[in-house]
Amino acid sequence: MIIQPRIYLASQSPRRRELLKQIGVNFEMLLLRSDPRRNVDVDEAPRTEESPEDYVRRISEAKARFGWEGLKLRNLPAFPVLAADTSVILDGNIIGKPRDREEAAAMLRQLSGRQHEVLSAVAVAFEERVEMRLSSSKIVFATLGEERIMRYILTNEPLDKAGAYGIQGYAATFIRHMEGSYSGVMGLPLFETAELLQEFGYPVL
C-alpha cells in the first residue's frame, strides 16, 4: 500500500487550514492542548528587549518543537509538524489580539492612516530537525473614521485576529497599499511554506 505524504498542522487557525488546502497539502490537525498528558505549552509573552522578528521566530519554532513532542507522546505516525506565528508591528511594538471590542477599536485607531508591518514566521519540525522561514509585509491603512471602526467591530471579525483585522474579510477595504505576501498577512506565507515542505521531502507544486 502506498502511503500518501502528509503533515501535521499545529494550529487551530481556520485561515491556515484554508491556505494549506489551497496549495493541496494533505494535513491533519494536531490539537496540542487537548492532550491531558501534556502540561507544557508555548510561552507567547514577548521577552524583554526581544525584537518582533526574534519573537515570531521563537514562537513559531517553539510551536513546531512542542508539536513534534506531542506527536511522540501520542504515538502518532511520524510526519513533519508545521506551525506558524503572525504578528502586527507598529512603531516597533507588537500589536496582539484584542481582548474585547473596546481594545479592538483602540487598535484600529492606532493603525488608521498609517503604515504597519506584518511578520509571519513558519516552522517545520521532524525528528531533531527544525527549519524556519520569515515573511515580512508592509500594509498602509486608509484613514478610518469612528463610525467605520464601530461598524467593523460589530461584525466581530476583529476579535480573534492580530491587530484586530483580517485581510481576507471586511477589512480588505481598509488597505490602501500592500507590499509583501497576502497569504503571510492572512497567517501562513505560502511561498515560504512550500519551500520548507520541499526541504522535508513533501511534494508541493
# chains A, B, ... in the order shown; residues from 1 in each chain; ligands from 1
>>> residues_around(residues="stretch 150-159 of chain A", least_positions_apart="6", cutoff="7 Å", atoms="only C-alpha atoms", output="list of chain:residue names")
A:Lys97, A:Pro98, A:Asp100, A:Arg101, A:Ala104, A:Ala105, A:Tyr165, A:Gly166
>>> select_by_dssp(residues="stretch 67-130 of chain A", states="strand (DSSP E)", output="list in words")
Val81, Leu82, Ala83, Ala84, Asp85, Thr86, Ser87, Val88, Ile89, Leu90, Asn93, Ile94, Ile95, Gln115, His116, Glu117, Val118, Leu119, Ser120, Ala121, Val122, Ala123, Val124, Ala125, Phe126, Arg129 and Val130 of chain A
>>> residues_around(residues="A:Leu134", least_positions_apart="4", cutoff="12 Å", atoms="only C-alpha atoms", output="ChimeraX atom specification")
/A:52-61,84-87,118-123,180-181,184-185,187-193,195-196
>>> residues_around(residues="stretch 16-26 of chain A", least_positions_apart="5", cutoff="10 Å", atoms="only C-alpha atoms", output="ChimeraX atom specification")
/A:4-11,83-84,183-184,186-190,193-194,197,202-205
>>> residues_around(residues="A:Leu76", least_positions_apart="3", cutoff="12 Å", atoms="only C-alpha atoms", output="list in words")
Ile7, Tyr8, Glu28, Met29, Leu30, Gly67, Trp68, Glu69, Gly70, Leu71, Lys72, Leu73, Phe79, Pro80 and Val81 of chain A
>>> atom_distance(atom1="atom CA of A:His177", atom2="atom CA of A:Val140")
5.1 Å
>>> select_by_dssp(residues="stretch 44-188 of chain A", states="alpha helix (DSSP H)", output="PyMOL selection string")
chain A and resi 52-73+101-111+146-153+182-186
>>> write_last_selection(atoms="N, CA and C atoms", output="compact mmCIF listing (two decimals), in the first residue's frame")
# COMPACT_ATOMS: atom_id res chain seq x y z
N PRO A 52 10.63 42.18 17.45
CA PRO A 52 9.47 41.49 16.87
C PRO A 52 9.86 40.32 15.97
N GLU A 53 10.95 40.48 15.21
CA GLU A 53 11.41 39.39 14.33
C GLU A 53 11.82 38.18 15.15
N ASP A 54 12.59 38.43 16.21
CA ASP A 54 13.02 37.32 17.07
C ASP A 54 11.82 36.67 17.77
N TYR A 55 10.83 37.49 18.10
CA TYR A 55 9.64 36.97 18.78
C TYR A 55 8.88 35.97 17.89
N VAL A 56 8.55 36.38 16.66
CA VAL A 56 7.76 35.47 15.81
C VAL A 56 8.57 34.23 15.43
N ARG A 57 9.88 34.40 15.27
CA ARG A 57 10.73 33.23 15.00
C ARG A 57 10.69 32.26 16.19
N ARG A 58 10.85 32.80 17.39
CA ARG A 58 10.87 31.95 18.59
C ARG A 58 9.54 31.22 18.77
N ILE A 59 8.43 31.92 18.60
CA ILE A 59 7.13 31.32 18.84
C ILE A 59 6.83 30.24 17.80
N SER A 60 7.10 30.51 16.53
CA SER A 60 6.80 29.50 15.50
C SER A 60 7.67 28.26 15.69
N GLU A 61 8.94 28.47 16.02
CA GLU A 61 9.83 27.33 16.23
C GLU A 61 9.41 26.53 17.47
N ALA A 62 9.04 27.23 18.55
CA ALA A 62 8.62 26.55 19.77
C ALA A 62 7.35 25.75 19.53
N LYS A 63 6.40 26.30 18.78
CA LYS A 63 5.16 25.58 18.48
C LYS A 63 5.45 24.31 17.69
N ALA A 64 6.37 24.42 16.72
CA ALA A 64 6.70 23.24 15.92
C ALA A 64 7.39 22.17 16.79
N ARG A 65 8.32 22.59 17.65
CA ARG A 65 9.01 21.63 18.52
C ARG A 65 8.03 20.95 19.48
N PHE A 66 7.17 21.75 20.12
CA PHE A 66 6.20 21.17 21.04
C PHE A 66 5.21 20.28 20.31
N GLY A 67 4.90 20.64 19.07
CA GLY A 67 4.03 19.79 18.27
C GLY A 67 4.66 18.43 18.03
N TRP A 68 5.94 18.44 17.72
CA TRP A 68 6.65 17.17 17.50
C TRP A 68 6.69 16.34 18.78
N GLU A 69 6.93 17.00 19.91
CA GLU A 69 6.95 16.28 21.19
C GLU A 69 5.57 15.69 21.50
N GLY A 70 4.52 16.46 21.20
CA GLY A 70 3.17 15.96 21.42
C GLY A 70 2.84 14.78 20.53
N LEU A 71 3.38 14.81 19.34
CA LEU A 71 3.20 13.70 18.39
C LEU A 71 3.78 12.41 18.97
N LYS A 72 4.98 12.52 19.53
CA LYS A 72 5.63 11.34 20.10
C LYS A 72 4.88 10.84 21.34
N LEU A 73 4.37 11.77 22.16
CA LEU A 73 3.62 11.38 23.35
C LEU A 73 2.41 10.53 23.00
N ARG A 101 -14.05 44.26 22.42
CA ARG A 101 -14.37 45.23 21.36
C ARG A 101 -13.70 46.59 21.59
N GLU A 102 -13.64 46.99 22.85
CA GLU A 102 -13.02 48.29 23.17
C GLU A 102 -11.55 48.30 22.77
N GLU A 103 -10.83 47.22 23.08
CA GLU A 103 -9.42 47.15 22.72
C GLU A 103 -9.26 47.03 21.20
N ALA A 104 -10.17 46.32 20.54
CA ALA A 104 -10.11 46.21 19.07
C ALA A 104 -10.26 47.59 18.44
N ALA A 105 -11.19 48.38 18.94
CA ALA A 105 -11.39 49.73 18.41
C ALA A 105 -10.14 50.59 18.62
N ALA A 106 -9.51 50.46 19.78
CA ALA A 106 -8.30 51.23 20.06
C ALA A 106 -7.17 50.85 19.11
N MET A 107 -7.05 49.55 18.81
CA MET A 107 -6.02 49.10 17.87
C MET A 107 -6.25 49.67 16.47
N LEU A 108 -7.49 49.65 16.04
CA LEU A 108 -7.81 50.16 14.70
C LEU A 108 -7.56 51.66 14.61
N ARG A 109 -7.81 52.37 15.68
CA ARG A 109 -7.49 53.81 15.69
C ARG A 109 -5.99 54.03 15.54
N GLN A 110 -5.20 53.16 16.18
CA GLN A 110 -3.74 53.28 16.07
C GLN A 110 -3.27 53.04 14.63
N LEU A 111 -3.88 52.05 13.96
CA LEU A 111 -3.46 51.68 12.61
C LEU A 111 -3.99 52.64 11.54
N GLU A 146 -14.55 57.09 13.02
CA GLU A 146 -15.08 56.36 14.17
C GLU A 146 -16.29 55.49 13.79
N GLU A 147 -17.15 56.02 12.93
CA GLU A 147 -18.33 55.24 12.54
C GLU A 147 -17.93 53.97 11.78
N ARG A 148 -16.94 54.10 10.92
CA ARG A 148 -16.48 52.93 10.16
C ARG A 148 -15.86 51.88 11.09
N ILE A 149 -15.09 52.34 12.04
CA ILE A 149 -14.49 51.42 13.01
C ILE A 149 -15.58 50.68 13.78
N MET A 150 -16.59 51.42 14.22
CA MET A 150 -17.66 50.80 15.01
C MET A 150 -18.46 49.79 14.18
N ARG A 151 -18.70 50.11 12.92
CA ARG A 151 -19.42 49.17 12.05
C ARG A 151 -18.61 47.87 11.90
N TYR A 152 -17.30 48.02 11.78
CA TYR A 152 -16.44 46.84 11.63
C TYR A 152 -16.43 46.02 12.92
N ILE A 153 -16.35 46.69 14.05
CA ILE A 153 -16.35 45.99 15.33
C ILE A 153 -17.61 45.13 15.48
N TYR A 182 0.36 38.35 0.65
CA TYR A 182 -1.04 38.35 1.08
C TYR A 182 -1.32 37.18 2.01
N SER A 183 -0.83 35.99 1.63
CA SER A 183 -1.06 34.81 2.47
C SER A 183 -0.32 34.93 3.80
N GLY A 184 0.83 35.62 3.79
CA GLY A 184 1.56 35.86 5.04
C GLY A 184 0.76 36.73 5.99
N VAL A 185 0.09 37.75 5.45
CA VAL A 185 -0.75 38.61 6.28
C VAL A 185 -1.95 37.82 6.81
N MET A 186 -2.45 36.88 6.02
CA MET A 186 -3.54 36.01 6.49
C MET A 186 -3.09 35.11 7.62
>>> residues_around(residues="A:Gly96", least_positions_apart="4", cutoff="7 Å", atoms="only C-alpha atoms", output="list in words")
Ser87, Val88, Ala162 and Gly163 of chain A
>>> closest_residue(among="A:Ala172, A:Met178, A:Val124, A:Ile167", to="A:Ile139", atoms="only C-alpha atoms")
A:Met178
>>> closest_residue(among="A:Ile94, A:Gln198, A:Glu179, A:Asp160", to="A:Ser136", atoms="only C-alpha atoms")
A:Glu179
>>> atom_distance(atom1="atom CA of A:Ser137", atom2="atom CA of A:Glu117")
5.6 Å
